[in-house]
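> Supplied in structure tokens, the structure appears directly below.
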Amino acid sequence: MAGNRGRGRSQFTFNVDTLRFGRGDSLPTSAHTPSPLFPPMQFRPVPLHTGEEVDYMLALKQELRASSKNLPFHIKAARTKTDVARYSDKYQNGEPKYNCIEWSPDWSRMPKELCIKVQKTRKTGAKPQLTQKPKVAARKEEVLQKLETLEKREQEQHSEEEEDEEKKKQNEEEEEEPDEDYDEEELEDETDYIISYFDNGEDFGADSDDNMDEAVC
Amino acid sequence: MTTQEVRLCGLLLQEHFGNVVEKVGTHLIRSGVLTLRALAHETKLPLDLVKKSLCVLVQHGMCTFGAGRRGPAGPVEYRINCEHVFHMLRYPRYIYTAKSLYGDTGELIVEEILQRGHMTMSSTVKTVADRLTHNMPEGQSMDYSEVVSVFSQLVETHFLQRCPPLASAGSSSSGAVDTPLPVATQPTEPESHPDCYKLPYINLTGQGKRRRSSEDGEADQCCGDDDGIYWQVNFQRFHLHFRDQAIISAVSCKLDQSSSEIVRTMLRMSEVTTPAHAAFTQALSANEIFRALLSSYNIARPILDQYLSLLVDDPMEFVGKTGDSGGGMYVVNLHRALANLARATLESVVQERFGSRSARIFRLLLRKRHLEQKQVEDFAMIPAKEAKDMLYKLLSENLVQLQEIPKTPDYAPSRTFYLYTVNQLPTARLLLQHCYKTVGNLIERRLYETKENKRLLEKSQRIEAILASLQATGAEAAQLTEVEEMITVPERQQLESLRHHINKLDSSENQVDETIFLLKSYINSTQASL
């Protein structure tokens with residue numbers, strides 16, 4: 001109160017006795033910074049529960065986490081396009097399409113406005129392989145019959161053509177095994193260069209493979 | 001929704017459904033209710049992505065929709081049910097409970113339905129039979145009828161329930177709507193539907209198929225006779241089961257095994273008759289309890305009476321006596337048991353963080369309600385200086401509150417009583433928020449550890465894949481060792497310590513979730529009785 005100002009100037013506003021402060025004691029210093037992010041702990045924490053039940057639930061949790069990434073409910077955003085179009089973009093997984101949904105919910109239980117086209121289940125390349133193999137066989141036999149000396153080169157050329165057809169099918173169908181593409185491309189890599197270099201389709205008859213390599217270098 | 005709850009929801013959604021759903025979900029939680037267009041506009045995501053995310057959330061029951069503020073003619077509004085998102089933390093516990101009660105078949109049924117949100121009975125049975133057949137040795141396969149019997153057992157004991165039907169087809173078409181959409185604020189309760197636990201009459205015969213590698217991966221959803229009847233997990237029933245388990249284990253810790261068996265019998269008998277939010281179970285007479293006790297416990301009638309009187313006299317008040325007919329009428333005090341369990345949790349938290357003497361002060365304040373500082377020192381038998389220190393520490397952590405009682409109307413400090421007090425309910429809420437923050441921190445730390453060692457993890461995965469394929473094609477031991485040596489010894493040690501850390505973090509999440517369940521049940525029980 002204002003009246004007390006003249007008397008006991010060093011009086012505190014609260015009753016000193018209850019707080020057990022002596023008259024001359026200094027008050028504890030006030031903190032000027034926020035408390036540390038990882039304050040040192042006075043007591044160590046109790047160890048975790050152990051046992052069969054705990055281990056089983058731990059394994060379940062990790063399994064659920066891993067399997068939920070493979071379910072169609074896990075929606076991945078599209079990779080943002082970087083500045084330069086890269087060679088490897090051709091061989092990346094097909095970008096997830098926005099306008100279709102990978103599972104078929106019961107649309108009667110959802111509002112109509114959420115309805116999106118349902119993406120048909122992808123066949124994992126079983127069909128294209130079946131149609132390719134007879135074609136490959138027929139072509140190979142033709143070539144072997146016609147040109148015996150350039151047998152190997154013709155095969156390489158045709159497998160490259162097959163790959164082009166495969167890519168067309170890829171654009172029509174949903175998805176191909178990217179590994180397959182990659183392996184064939186790997187095989188093709190060396191010969192690709194050579195074939196495009198000598199891409200006039202003429203016989204190069206007597207030349208052996210070694211000579212071809214030298215021509216490239 | 002508090003900051004910590006929103007953060008935890010975001011982390012859980014991201015873990016299970018990816019970044020897109022997380023973005024949509026957190027924005028919707030923060031905004032409350034939104035229409036589709038508003039949501040797409042504010043999150044700046046393409047409309048189709050937002051639609052897909054909402055489909056995922058509705059499928060799992062985490063998002064509800066209804067007529068908006070403009071009535072049935074206006075756009076549909078969506079809201080997120082946060083409690084449902086937190087249940088994702090507890091999925092392993094649900095699955096383990098189903099396994100312990102109904103074996104592997106029950107475990108797989110609950111796991112499938114949890115992962116897919118809701119499913120029809122026929123698709124569940126087919127998927128589970130296929131999975132079981134896959135794990136069986138060659139030549140054997142799982143019969144559908146066995147799976148159907150376990151499914152019906154789960155439905156009979158109310159662990160699974162039908163999804164509630166929507167009032168109309170849930171459409172927001174501007175055309176004629178026969179019945180008004182359910183109001184967004186009051187979703188239809190599944191239990192209000194009379195056929196909630198009725199199994200559909202379908203004929204499911206057949207056996208599980210072993211999946212060959214040449215066949216297609218995902219089985220197409222075949223049209224069954226029960227199209228449109230979807231089943232979901234009844235979380236409330238699982239929570240009641242967990243609550244019963246907690247009470248039984250508390251009794252067995254405090255008293256002994258036989259008394260816990262008696263309480264278990266009492267709870268089992270009143271499972272179906274007690275409503276979900278009841279404060280007490282139905283009154284059971286001692287005669288009934290005696291008849292229902294399994295003979296394996298070998299408890300004679302006079303012993304049972306002694307145990308019951310012991311339970312009634314116990315200060316924890318798990319069991320109460322409500323009458324004398326039939327040898328004595330006894331009830332299990334559910335709400336009081338939950339309150340006691342929550343109190344024990346609070347006390348143990350204070351003990352582990354601040355020491356046993358601070359815990360003594362805390363317990364003292366819980367029992368004596370309001371005490372002055374001098375009284376605290378006297379009752380707790382702790383020297384003045386240390387008691388002052390501990391009290392101020394608890395006060396700064398907000399576990400203890402100060403109550404002022406003025407002698408004069410001007411609240412002059414020298415003429416007011418300052419009393420320390422502990423209120424159990426607000427402290428429980430505070431601790432619950434701490435728990436949410438803890439789980440959020442654990443998840444973030446785990447993500448950080450995984451990200452730091454991403455390269456190493458990918459390398460080890462690739463090598464494991466190579467090893468697996470080599471073993472499948474029958475390679476020699478020398479090749480296998482050569483591939484294994486591609487991971488150097490220090491890398492192996494690093495991997496080992498990483499796995500150890502991640503296991504520890506995951507295990508901690510599970511354990512913190514148990515505390516969350518206990519505190520949440522206590523808080524809900526106090527709200528129900530209001």
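If you're wondering about the labels, chains in the structure tokens are A, B, ... by order shown, residues count from 1 in each chain, ligands from 1 in order shown.
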If you run DSSP on the backbone, which residues of segment 51-190 of chain B are strand (DSSP E), as an mmCIF file with N, CA, C and O atoms, in the first residue's frame?


data_model
loop_
_atom_site.group_PDB
_atom_site.id
_atom_site.type_symbol
_atom_site.label_atom_id
_atom_site.label_comp_id
_atom_site.auth_asym_id
_atom_site.auth_seq_id
_atom_site.Cartn_x
_atom_site.Cartn_y
_atom_site.Cartn_z
ATOM 1 N N CYS B 63 -12.085 -39.855 -41.932
ATOM 2 C CA CYS B 63 -12.695 -38.615 -42.395
ATOM 3 C C CYS B 63 -14.177 -38.867 -42.540
ATOM 4 O O CYS B 63 -14.597 -39.907 -43.056
ATOM 5 N N THR B 64 -14.979 -37.947 -42.034
ATOM 6 C CA THR B 64 -16.417 -38.063 -42.234
ATOM 7 C C THR B 64 -16.877 -36.893 -43.089
ATOM 8 O O THR B 64 -16.238 -35.840 -43.103
ATOM 9 N N PHE B 65 -17.956 -37.119 -43.790
ATOM 10 C CA PHE B 65 -18.465 -36.059 -44.659
ATOM 11 C C PHE B 65 -19.944 -35.892 -44.385
ATOM 12 O O PHE B 65 -20.610 -36.795 -43.884
ATOM 13 N N GLY B 66 -20.433 -34.750 -44.713
ATOM 14 C CA GLY B 66 -21.858 -34.520 -44.507
ATOM 15 C C GLY B 66 -22.285 -33.234 -45.157
ATOM 16 O O GLY B 66 -21.473 -32.503 -45.727
ATOM 17 N N ALA B 67 -23.575 -32.976 -45.031
ATOM 18 C CA ALA B 67 -24.098 -31.740 -45.599
ATOM 19 C C ALA B 67 -23.475 -30.567 -44.877
ATOM 20 O O ALA B 67 -23.272 -30.591 -43.674
ATOM 21 N N GLY B 68 -23.151 -29.546 -45.636
ATOM 22 C CA GLY B 68 -22.455 -28.420 -45.054
ATOM 23 C C GLY B 68 -23.394 -27.438 -44.397
ATOM 24 O O GLY B 68 -24.552 -27.734 -44.112
ATOM 25 N N GLY B 71 -26.714 -26.557 -45.994
ATOM 26 C CA GLY B 71 -27.777 -27.536 -46.102
ATOM 27 C C GLY B 71 -27.508 -28.544 -47.195
ATOM 28 O O GLY B 71 -26.448 -28.553 -47.814
ATOM 29 N N PRO B 72 -28.459 -29.452 -47.457
ATOM 30 C CA PRO B 72 -28.226 -30.539 -48.406
ATOM 31 C C PRO B 72 -27.941 -30.057 -49.820
ATOM 32 O O PRO B 72 -27.340 -30.780 -50.603
ATOM 33 N N ALA B 73 -28.343 -28.867 -50.157
ATOM 34 C CA ALA B 73 -28.107 -28.408 -51.524
ATOM 35 C C ALA B 73 -26.688 -27.904 -51.724
ATOM 36 O O ALA B 73 -26.211 -27.794 -52.841
ATOM 37 N N GLY B 74 -25.991 -27.614 -50.638
ATOM 38 C CA GLY B 74 -24.657 -27.032 -50.774
ATOM 39 C C GLY B 74 -23.592 -28.101 -50.931
ATOM 40 O O GLY B 74 -23.877 -29.293 -50.956
ATOM 41 N N PRO B 75 -22.343 -27.668 -51.053
ATOM 42 C CA PRO B 75 -21.259 -28.636 -51.228
ATOM 43 C C PRO B 75 -21.036 -29.458 -49.958
ATOM 44 O O PRO B 75 -21.351 -29.027 -48.852
ATOM 45 N N VAL B 76 -20.466 -30.641 -50.148
ATOM 46 C CA VAL B 76 -20.218 -31.552 -49.038
ATOM 47 C C VAL B 76 -19.026 -31.044 -48.234
ATOM 48 O O VAL B 76 -18.050 -30.562 -48.792
ATOM 49 N N GLU B 77 -19.138 -31.156 -46.918
ATOM 50 C CA GLU B 77 -18.029 -30.735 -46.074
ATOM 51 C C GLU B 77 -17.390 -31.952 -45.420
ATOM 52 O O GLU B 77 -18.066 -32.914 -45.072
ATOM 53 N N TYR B 78 -16.081 -31.858 -45.234
ATOM 54 C CA TYR B 78 -15.330 -32.978 -44.678
ATOM 55 C C TYR B 78 -14.699 -32.571 -43.367
ATOM 56 O O TYR B 78 -14.285 -31.436 -43.181
ATOM 57 N N ARG B 79 -14.611 -33.529 -42.475
ATOM 58 C CA ARG B 79 -13.865 -33.292 -41.241
ATOM 59 C C ARG B 79 -13.110 -34.560 -40.849
ATOM 60 O O ARG B 79 -13.521 -35.658 -41.182
ATOM 61 N N ILE B 80 -12.013 -34.349 -40.135
ATOM 62 C CA ILE B 80 -11.168 -35.482 -39.746
ATOM 63 C C ILE B 80 -11.488 -35.866 -38.304
ATOM 64 O O ILE B 80 -11.685 -35.001 -37.443
ATOM 65 N N MET B 119 -13.914 -53.966 -45.082
ATOM 66 C CA MET B 119 -13.968 -54.990 -46.139
ATOM 67 C C MET B 119 -15.247 -55.779 -46.016
ATOM 68 O O MET B 119 -15.852 -55.849 -44.954
ATOM 69 N N THR B 120 -15.622 -56.416 -47.138
ATOM 70 C CA THR B 120 -16.748 -57.346 -47.048
ATOM 71 C C THR B 120 -16.248 -58.653 -46.455
ATOM 72 O O THR B 120 -15.057 -58.952 -46.450
ATOM 73 N N LEU B 160 -15.785 -57.184 -34.179
ATOM 74 C CA LEU B 160 -15.994 -56.623 -35.508
ATOM 75 C C LEU B 160 -17.432 -56.167 -35.587
ATOM 76 O O LEU B 160 -18.318 -56.774 -34.991
ATOM 77 N N GLN B 161 -17.649 -55.103 -36.339
ATOM 78 C CA GLN B 161 -19.036 -54.630 -36.490
ATOM 79 C C GLN B 161 -19.237 -54.168 -37.915
ATOM 80 O O GLN B 161 -18.290 -53.861 -38.628
ATOM 81 N N ARG B 162 -20.511 -54.094 -38.279
ATOM 82 C CA ARG B 162 -20.820 -53.611 -39.624
ATOM 83 C C ARG B 162 -20.594 -52.114 -39.684
ATOM 84 O O ARG B 162 -20.846 -51.394 -38.723
#

> From the DSSP assignment of the backbone, select every residue of segment 412-516 of chain B that is alpha helix (DSSP H), and format the answer as a ChimeraX atom specification.

/B:424-452,454-472,477-484,489-516

> Between segment 2-107 of chain B and segment 53-61 of chain A, at 7 Å or less, what are the per-residue closest atom pairs and their distances in Å? Count only C-alpha atoms, order by chain and rising residue number, and return it as JSON lines.


{"residue": "B:Pro92", "atom": "CA", "partner": "A:Met57", "partner_atom": "CA", "distance": 5.4}
{"residue": "B:Arg93", "atom": "CA", "partner": "A:Met57", "partner_atom": "CA", "distance": 6.6}
{"residue": "B:Tyr96", "atom": "CA", "partner": "A:Met57", "partner_atom": "CA", "distance": 6.7}

> I need the residues from that last selection saved to file as a PDB file, in the first residue's frame (with C-alpha atoms), if you can.


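What ended up in again36.pdb:
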ATOM      1  CA  PRO B  92      -0.039 -53.846 -33.199  1.00  0.00           C
ATOM      2  CA  ARG B  93      -1.814 -54.139 -29.859  1.00  0.00           C
ATOM      3  CA  TYR B  96      -1.803 -59.127 -30.855  1.00  0.00           C
TER       4      TYR B  96
END

> List as number ranges by chain the protein and nucleic acid residues near Gln433 of chain B, meaning an atom at most 10 Å away when only C-alpha atoms are counted, but skip any in the same chain fewer than 6 places from it.

B: 2-5, 427, 516

> Set the distance at 9 Å and use only C-alpha atoms: which residues neighbour Asp106 of chain A once local chain neighbours fewer than 4 positions away are removed? I'd like the list as an mmCIF file with all heavy atoms, in the first residue's frame.


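This went into out.cif:
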data_model
loop_
_atom_site.group_PDB
_atom_site.id
_atom_site.type_symbol
_atom_site.label_atom_id
_atom_site.label_comp_id
_atom_site.auth_asym_id
_atom_site.auth_seq_id
_atom_site.Cartn_x
_atom_site.Cartn_y
_atom_site.Cartn_z
ATOM 1 N N MET A 110 -19.263 -43.156 -50.755
ATOM 2 C CA MET A 110 -18.486 -41.909 -50.773
ATOM 3 C C MET A 110 -19.260 -40.840 -51.529
ATOM 4 O O MET A 110 -20.081 -41.166 -52.379
ATOM 5 C CB MET A 110 -17.163 -42.153 -51.489
ATOM 6 C CG MET A 110 -16.366 -43.234 -50.856
ATOM 7 S SD MET A 110 -14.668 -42.757 -50.811
ATOM 8 C CE MET A 110 -13.953 -44.294 -50.422
ATOM 9 N N GLN B 59 -12.120 -44.128 -46.645
ATOM 10 C CA GLN B 59 -12.074 -45.592 -46.631
ATOM 11 C C GLN B 59 -11.671 -46.109 -45.258
ATOM 12 O O GLN B 59 -12.191 -47.117 -44.787
ATOM 13 C CB GLN B 59 -11.063 -46.058 -47.690
ATOM 14 C CG GLN B 59 -10.678 -47.514 -47.632
ATOM 15 C CD GLN B 59 -11.694 -48.405 -48.290
ATOM 16 O OE1 GLN B 59 -12.564 -47.921 -49.002
ATOM 17 N NE2 GLN B 59 -11.609 -49.686 -48.058
ATOM 18 N N GLY B 228 -21.792 -54.682 -50.383
ATOM 19 C CA GLY B 228 -22.429 -53.558 -49.716
ATOM 20 C C GLY B 228 -22.457 -53.701 -48.210
ATOM 21 O O GLY B 228 -22.747 -52.754 -47.507
#

> Counting only C-alpha atoms, what is within 9 Å of Leu480 of chain B, bar same-chain residues fewer than 6 positions away, as a PyMOL selection string?

chain B and resi 467+470-471

> Please find the residues of chain B near chain A - the criterion being any atom within 7 Å, counting only C-alpha atoms - and write them as a count of residues only.

26

> Could you state the separation of atom CA of Thr124 of chain B and atom CA of Ile109 of chain B in Å, given to one decimal place?

6.7 Å

> Between B:Tyr392, B:Tyr330, B:Phe318, B:Tyr307, which residue has the minimum interatomic distance to Asp256 of chain B, considering only C-alpha atoms?

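Among the listed residues, B:Tyr307 lies closest to Asp256 of chain B.
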